[in-house]
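Q: Data file input-v8.cif (mmCIF, N, CA and C atoms) is appended below.
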```cif
data_structure
loop_
_atom_site.label_atom_id
_atom_site.label_comp_id
_atom_site.auth_asym_id
_atom_site.auth_seq_id
_atom_site.Cartn_x
_atom_site.Cartn_y
_atom_site.Cartn_z
N MET A 12 37.64 -2.80 26.12
CA MET A 12 36.38 -2.64 26.81
C MET A 12 36.12 -3.85 27.68
N ASN A 13 35.60 -3.57 28.84
CA ASN A 13 35.23 -4.69 29.70
C ASN A 13 33.78 -5.08 29.41
N LYS A 14 33.33 -6.14 30.04
CA LYS A 14 32.00 -6.67 29.72
C LYS A 14 30.89 -5.69 30.10
N TYR A 15 31.09 -4.83 31.09
CA TYR A 15 30.05 -3.86 31.48
C TYR A 15 29.92 -2.76 30.43
N GLU A 16 31.05 -2.35 29.91
CA GLU A 16 31.02 -1.35 28.85
C GLU A 16 30.35 -1.91 27.59
N LEU A 17 30.63 -3.15 27.27
CA LEU A 17 30.01 -3.79 26.12
C LEU A 17 28.49 -3.90 26.30
N LYS A 18 28.05 -4.26 27.51
CA LYS A 18 26.62 -4.34 27.79
C LYS A 18 25.97 -2.96 27.66
N TYR A 19 26.65 -1.92 28.11
CA TYR A 19 26.12 -0.56 28.02
C TYR A 19 25.96 -0.14 26.56
N VAL A 20 27.00 -0.39 25.78
CA VAL A 20 26.96 -0.02 24.35
C VAL A 20 25.88 -0.82 23.64
N ALA A 21 25.80 -2.10 23.92
CA ALA A 21 24.78 -2.94 23.29
C ALA A 21 23.38 -2.48 23.69
N GLY A 22 23.21 -2.09 24.93
CA GLY A 22 21.92 -1.57 25.39
C GLY A 22 21.53 -0.29 24.68
N LYS A 23 22.50 0.61 24.50
CA LYS A 23 22.23 1.86 23.79
C LYS A 23 21.86 1.58 22.34
N GLN A 24 22.55 0.64 21.72
CA GLN A 24 22.25 0.30 20.33
C GLN A 24 20.86 -0.32 20.21
N THR A 25 20.50 -1.15 21.16
CA THR A 25 19.18 -1.77 21.16
C THR A 25 18.08 -0.72 21.26
N ILE A 26 18.26 0.24 22.13
CA ILE A 26 17.27 1.32 22.29
C ILE A 26 17.18 2.13 20.99
N HIS A 27 18.33 2.42 20.40
CA HIS A 27 18.35 3.19 19.16
C HIS A 27 17.63 2.42 18.04
N ILE A 28 17.85 1.14 17.94
CA ILE A 28 17.20 0.31 16.93
C ILE A 28 15.69 0.29 17.15
N GLN A 29 15.25 0.19 18.40
CA GLN A 29 13.82 0.22 18.70
C GLN A 29 13.20 1.54 18.27
N GLU A 30 13.89 2.63 18.52
CA GLU A 30 13.39 3.95 18.11
C GLU A 30 13.30 4.05 16.59
N LEU A 31 14.29 3.49 15.91
CA LEU A 31 14.25 3.51 14.44
C LEU A 31 13.07 2.70 13.90
N TRP A 32 12.78 1.55 14.52
CA TRP A 32 11.65 0.74 14.08
C TRP A 32 10.32 1.46 14.32
N GLU A 33 10.22 2.20 15.41
CA GLU A 33 9.02 2.99 15.67
C GLU A 33 8.85 4.05 14.60
N GLU A 34 9.95 4.70 14.24
CA GLU A 34 9.91 5.74 13.21
C GLU A 34 9.52 5.14 11.86
N ILE A 35 10.06 3.97 11.55
CA ILE A 35 9.71 3.28 10.30
C ILE A 35 8.23 2.94 10.29
N GLY A 36 7.71 2.48 11.41
CA GLY A 36 6.29 2.15 11.51
C GLY A 36 5.40 3.36 11.26
N GLN A 37 5.77 4.50 11.83
CA GLN A 37 5.00 5.72 11.63
C GLN A 37 5.05 6.17 10.18
N LYS A 38 6.21 6.08 9.57
CA LYS A 38 6.34 6.49 8.17
C LYS A 38 5.59 5.53 7.26
N ASN A 39 5.60 4.25 7.59
CA ASN A 39 4.88 3.26 6.81
C ASN A 39 3.37 3.53 6.87
N THR A 40 2.87 3.90 8.04
CA THR A 40 1.47 4.24 8.19
C THR A 40 1.11 5.44 7.33
N ARG A 41 1.97 6.43 7.33
CA ARG A 41 1.75 7.63 6.50
C ARG A 41 1.77 7.29 5.01
N ILE A 42 2.70 6.44 4.61
CA ILE A 42 2.79 6.02 3.22
C ILE A 42 1.51 5.30 2.80
N ASN A 43 1.01 4.42 3.65
CA ASN A 43 -0.22 3.70 3.34
C ASN A 43 -1.40 4.65 3.21
N ALA A 44 -1.49 5.64 4.07
CA ALA A 44 -2.57 6.61 4.00
C ALA A 44 -2.49 7.42 2.70
N LEU A 45 -1.29 7.83 2.34
CA LEU A 45 -1.12 8.60 1.11
C LEU A 45 -1.39 7.74 -0.13
N THR A 46 -1.01 6.47 -0.08
CA THR A 46 -1.29 5.56 -1.19
C THR A 46 -2.79 5.40 -1.38
N ASN A 47 -3.52 5.25 -0.28
CA ASN A 47 -4.97 5.14 -0.37
C ASN A 47 -5.58 6.42 -0.94
N LYS A 48 -5.05 7.56 -0.56
CA LYS A 48 -5.53 8.84 -1.09
C LYS A 48 -5.26 8.93 -2.60
N ILE A 49 -4.12 8.45 -3.03
CA ILE A 49 -3.79 8.44 -4.46
C ILE A 49 -4.80 7.59 -5.23
N TYR A 50 -5.10 6.39 -4.71
CA TYR A 50 -6.08 5.52 -5.38
C TYR A 50 -7.44 6.20 -5.46
N GLU A 51 -7.83 6.85 -4.38
CA GLU A 51 -9.10 7.55 -4.35
C GLU A 51 -9.14 8.66 -5.41
N LEU A 52 -8.07 9.43 -5.50
CA LEU A 52 -8.02 10.51 -6.49
C LEU A 52 -7.98 9.96 -7.92
N GLN A 53 -7.30 8.84 -8.12
CA GLN A 53 -7.26 8.23 -9.45
C GLN A 53 -8.65 7.79 -9.87
N LYS A 54 -9.42 7.24 -8.95
CA LYS A 54 -10.80 6.83 -9.26
C LYS A 54 -11.63 8.04 -9.67
N LYS A 55 -11.47 9.16 -8.95
CA LYS A 55 -12.21 10.37 -9.29
C LYS A 55 -11.81 10.89 -10.68
N ILE A 56 -10.52 10.86 -10.96
CA ILE A 56 -10.03 11.33 -12.27
C ILE A 56 -10.59 10.44 -13.38
N ASN A 57 -10.56 9.13 -13.17
CA ASN A 57 -11.08 8.21 -14.18
C ASN A 57 -12.57 8.42 -14.39
N ALA A 58 -13.31 8.61 -13.32
CA ALA A 58 -14.75 8.84 -13.44
C ALA A 58 -15.02 10.12 -14.22
N GLN A 59 -14.27 11.16 -13.93
CA GLN A 59 -14.46 12.42 -14.65
C GLN A 59 -14.08 12.28 -16.11
N SER A 60 -13.02 11.54 -16.39
CA SER A 60 -12.61 11.32 -17.78
C SER A 60 -13.68 10.57 -18.55
N GLU A 61 -14.26 9.54 -17.93
CA GLU A 61 -15.34 8.79 -18.57
C GLU A 61 -16.54 9.69 -18.83
N LYS A 62 -16.86 10.53 -17.87
CA LYS A 62 -17.98 11.45 -18.03
C LYS A 62 -17.70 12.42 -19.18
N ASN A 63 -16.49 12.95 -19.23
CA ASN A 63 -16.14 13.87 -20.31
C ASN A 63 -16.21 13.19 -21.67
N TRP A 64 -15.74 11.96 -21.74
CA TRP A 64 -15.78 11.21 -22.99
C TRP A 64 -17.23 10.95 -23.41
N ALA A 65 -18.04 10.52 -22.47
CA ALA A 65 -19.45 10.27 -22.77
C ALA A 65 -20.15 11.56 -23.19
N GLU A 66 -19.83 12.65 -22.56
CA GLU A 66 -20.43 13.93 -22.92
C GLU A 66 -20.02 14.35 -24.33
N HIS A 67 -18.82 14.03 -24.70
CA HIS A 67 -18.34 14.36 -26.04
C HIS A 67 -19.06 13.53 -27.10
N ILE A 68 -19.26 12.25 -26.83
CA ILE A 68 -19.88 11.36 -27.81
C ILE A 68 -21.40 11.49 -27.81
N PHE A 69 -22.02 11.53 -26.63
CA PHE A 69 -23.47 11.59 -26.51
C PHE A 69 -23.85 12.78 -25.66
N PRO A 70 -23.79 13.97 -26.18
CA PRO A 70 -24.07 15.16 -25.34
C PRO A 70 -25.50 15.20 -24.80
N GLU A 71 -26.45 14.56 -25.48
CA GLU A 71 -27.83 14.59 -25.02
C GLU A 71 -28.08 13.64 -23.85
N ARG A 72 -27.22 12.63 -23.64
CA ARG A 72 -27.42 11.65 -22.58
C ARG A 72 -26.78 12.01 -21.24
N VAL A 73 -25.85 12.89 -21.25
CA VAL A 73 -25.08 13.19 -20.04
C VAL A 73 -25.85 14.17 -19.17
N ASP A 74 -25.93 13.84 -17.88
CA ASP A 74 -26.59 14.70 -16.91
C ASP A 74 -25.51 15.41 -16.10
N ASN A 75 -25.50 16.72 -16.14
CA ASN A 75 -24.49 17.47 -15.39
C ASN A 75 -24.95 17.59 -13.97
#
```
Go ahead and render the structure in this file as structure tokens.
A:
Amino acid sequence: MNKYELKYVAGKQTIHIQELWEEIGQKNTRINALTNKIYELQKKINAQSEKNWAEHIFPERVDN
């Protein structure tokens, strides 16, 4: 390969790497959004579990 062919191949690889980093960034954003959703759902589950436990122990105190 001559130096022009090497520059062409290197340029194509650079573009491909940039595209891969963009894809990784998009997937990372999606992962973060889903992780936040998981935390939110876990909080709801824990709150409901506490309510159920309190209702079991003190049925007269729990407000539905």
Q: Do you have the atom CA of Lys54 of chain A-atom C of Gln37 of chain A distance handy?
A: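 So the answer is 25.1 Å.
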Q: Have a look at atom CA of Val20 of chain A and atom C of Trp32 of chain A and let me know their distance in Å, one decimal.
A: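 Interatomic distance here is 19.5 Å.
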Q: Please report the interatomic distance between atom CA of Lys62 of chain A and atom CA of Lys48 of chain A in Å with one decimal.
A: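 Result for atom CA of Lys62 of chain A versus atom CA of Lys48 of chain A: 21.2 Å, one decimal.
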Q: As an mmCIF file, in the frame of the given file, could you write out segment 51-62 of chain A once it has been completed with all heavy atoms?
A:
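Output (result-v7.cif):
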```
data_model
loop_
_atom_site.group_PDB
_atom_site.id
_atom_site.type_symbol
_atom_site.label_atom_id
_atom_site.label_comp_id
_atom_site.auth_asym_id
_atom_site.auth_seq_id
_atom_site.Cartn_x
_atom_site.Cartn_y
_atom_site.Cartn_z
ATOM 1 N N GLU A 51 -7.830 6.850 -4.380
ATOM 2 C CA GLU A 51 -9.100 7.550 -4.350
ATOM 3 C C GLU A 51 -9.140 8.660 -5.410
ATOM 4 O O GLU A 51 -10.131 8.795 -6.138
ATOM 5 C CB GLU A 51 -9.304 8.142 -2.955
ATOM 6 C CG GLU A 51 -10.616 8.823 -2.719
ATOM 7 C CD GLU A 51 -10.696 9.384 -1.308
ATOM 8 O OE1 GLU A 51 -10.379 8.645 -0.352
ATOM 9 O OE2 GLU A 51 -11.049 10.566 -1.184
ATOM 10 N N LEU A 52 -8.070 9.430 -5.500
ATOM 11 C CA LEU A 52 -8.020 10.510 -6.490
ATOM 12 C C LEU A 52 -7.980 9.960 -7.920
ATOM 13 O O LEU A 52 -8.585 10.540 -8.824
ATOM 14 C CB LEU A 52 -6.814 11.406 -6.219
ATOM 15 C CG LEU A 52 -6.891 12.237 -4.936
ATOM 16 C CD1 LEU A 52 -5.564 12.934 -4.679
ATOM 17 C CD2 LEU A 52 -8.023 13.241 -5.002
ATOM 18 N N GLN A 53 -7.300 8.840 -8.120
ATOM 19 C CA GLN A 53 -7.260 8.230 -9.450
ATOM 20 C C GLN A 53 -8.650 7.790 -9.870
ATOM 21 O O GLN A 53 -9.026 7.937 -11.045
ATOM 22 C CB GLN A 53 -6.304 7.040 -9.474
ATOM 23 C CG GLN A 53 -4.846 7.435 -9.510
ATOM 24 C CD GLN A 53 -3.910 6.249 -9.442
ATOM 25 O OE1 GLN A 53 -4.270 5.175 -8.960
ATOM 26 N NE2 GLN A 53 -2.695 6.433 -9.927
ATOM 27 N N LYS A 54 -9.420 7.240 -8.950
ATOM 28 C CA LYS A 54 -10.800 6.830 -9.260
ATOM 29 C C LYS A 54 -11.630 8.040 -9.670
ATOM 30 O O LYS A 54 -12.407 7.974 -10.624
ATOM 31 C CB LYS A 54 -11.443 6.145 -8.059
ATOM 32 C CG LYS A 54 -10.939 4.755 -7.816
ATOM 33 C CD LYS A 54 -11.636 4.143 -6.609
ATOM 34 C CE LYS A 54 -11.073 2.792 -6.257
ATOM 35 N NZ LYS A 54 -11.723 2.217 -5.067
ATOM 36 N N LYS A 55 -11.470 9.160 -8.950
ATOM 37 C CA LYS A 55 -12.210 10.370 -9.290
ATOM 38 C C LYS A 55 -11.810 10.890 -10.680
ATOM 39 O O LYS A 55 -12.658 11.305 -11.458
ATOM 40 C CB LYS A 55 -11.984 11.454 -8.243
ATOM 41 C CG LYS A 55 -12.675 11.189 -6.933
ATOM 42 C CD LYS A 55 -12.423 12.304 -5.940
ATOM 43 C CE LYS A 55 -13.086 12.005 -4.613
ATOM 44 N NZ LYS A 55 -12.854 13.073 -3.636
ATOM 45 N N ILE A 56 -10.520 10.860 -10.960
ATOM 46 C CA ILE A 56 -10.030 11.330 -12.270
ATOM 47 C C ILE A 56 -10.590 10.440 -13.380
ATOM 48 O O ILE A 56 -11.053 10.942 -14.413
ATOM 49 C CB ILE A 56 -8.491 11.358 -12.293
ATOM 50 C CG1 ILE A 56 -7.971 12.475 -11.397
ATOM 51 C CG2 ILE A 56 -7.967 11.502 -13.723
ATOM 52 C CD1 ILE A 56 -6.475 12.428 -11.142
ATOM 53 N N ASN A 57 -10.560 9.130 -13.170
ATOM 54 C CA ASN A 57 -11.080 8.210 -14.180
ATOM 55 C C ASN A 57 -12.570 8.420 -14.390
ATOM 56 O O ASN A 57 -13.048 8.386 -15.531
ATOM 57 C CB ASN A 57 -10.792 6.757 -13.799
ATOM 58 C CG ASN A 57 -9.322 6.415 -13.939
ATOM 59 O OD1 ASN A 57 -8.592 7.075 -14.672
ATOM 60 N ND2 ASN A 57 -8.886 5.392 -13.234
ATOM 61 N N ALA A 58 -13.310 8.610 -13.320
ATOM 62 C CA ALA A 58 -14.750 8.840 -13.440
ATOM 63 C C ALA A 58 -15.020 10.120 -14.220
ATOM 64 O O ALA A 58 -15.915 10.160 -15.082
ATOM 65 C CB ALA A 58 -15.388 8.897 -12.058
ATOM 66 N N GLN A 59 -14.270 11.160 -13.930
ATOM 67 C CA GLN A 59 -14.460 12.420 -14.650
ATOM 68 C C GLN A 59 -14.080 12.280 -16.110
ATOM 69 O O GLN A 59 -14.743 12.817 -16.990
ATOM 70 C CB GLN A 59 -13.650 13.539 -13.985
ATOM 71 C CG GLN A 59 -13.899 14.901 -14.584
ATOM 72 C CD GLN A 59 -15.334 15.366 -14.413
ATOM 73 O OE1 GLN A 59 -15.921 15.219 -13.354
ATOM 74 N NE2 GLN A 59 -15.900 15.918 -15.470
ATOM 75 N N SER A 60 -13.020 11.540 -16.390
ATOM 76 C CA SER A 60 -12.610 11.320 -17.780
ATOM 77 C C SER A 60 -13.680 10.570 -18.550
ATOM 78 O O SER A 60 -13.986 10.910 -19.707
ATOM 79 C CB SER A 60 -11.301 10.534 -17.822
ATOM 80 O OG SER A 60 -10.262 11.271 -17.257
ATOM 81 N N GLU A 61 -14.260 9.540 -17.930
ATOM 82 C CA GLU A 61 -15.340 8.790 -18.570
ATOM 83 C C GLU A 61 -16.540 9.690 -18.830
ATOM 84 O O GLU A 61 -17.175 9.611 -19.885
ATOM 85 C CB GLU A 61 -15.738 7.593 -17.715
ATOM 86 C CG GLU A 61 -14.710 6.493 -17.696
ATOM 87 C CD GLU A 61 -15.089 5.357 -16.761
ATOM 88 O OE1 GLU A 61 -16.231 5.332 -16.264
ATOM 89 O OE2 GLU A 61 -14.220 4.496 -16.533
ATOM 90 N N LYS A 62 -16.860 10.530 -17.870
ATOM 91 C CA LYS A 62 -17.980 11.450 -18.030
ATOM 92 C C LYS A 62 -17.700 12.420 -19.180
ATOM 93 O O LYS A 62 -18.577 12.672 -20.021
ATOM 94 C CB LYS A 62 -18.222 12.222 -16.740
ATOM 95 C CG LYS A 62 -19.388 13.171 -16.816
ATOM 96 C CD LYS A 62 -19.570 13.925 -15.521
ATOM 97 C CE LYS A 62 -20.675 14.960 -15.692
ATOM 98 N NZ LYS A 62 -20.734 15.875 -14.582
#
```
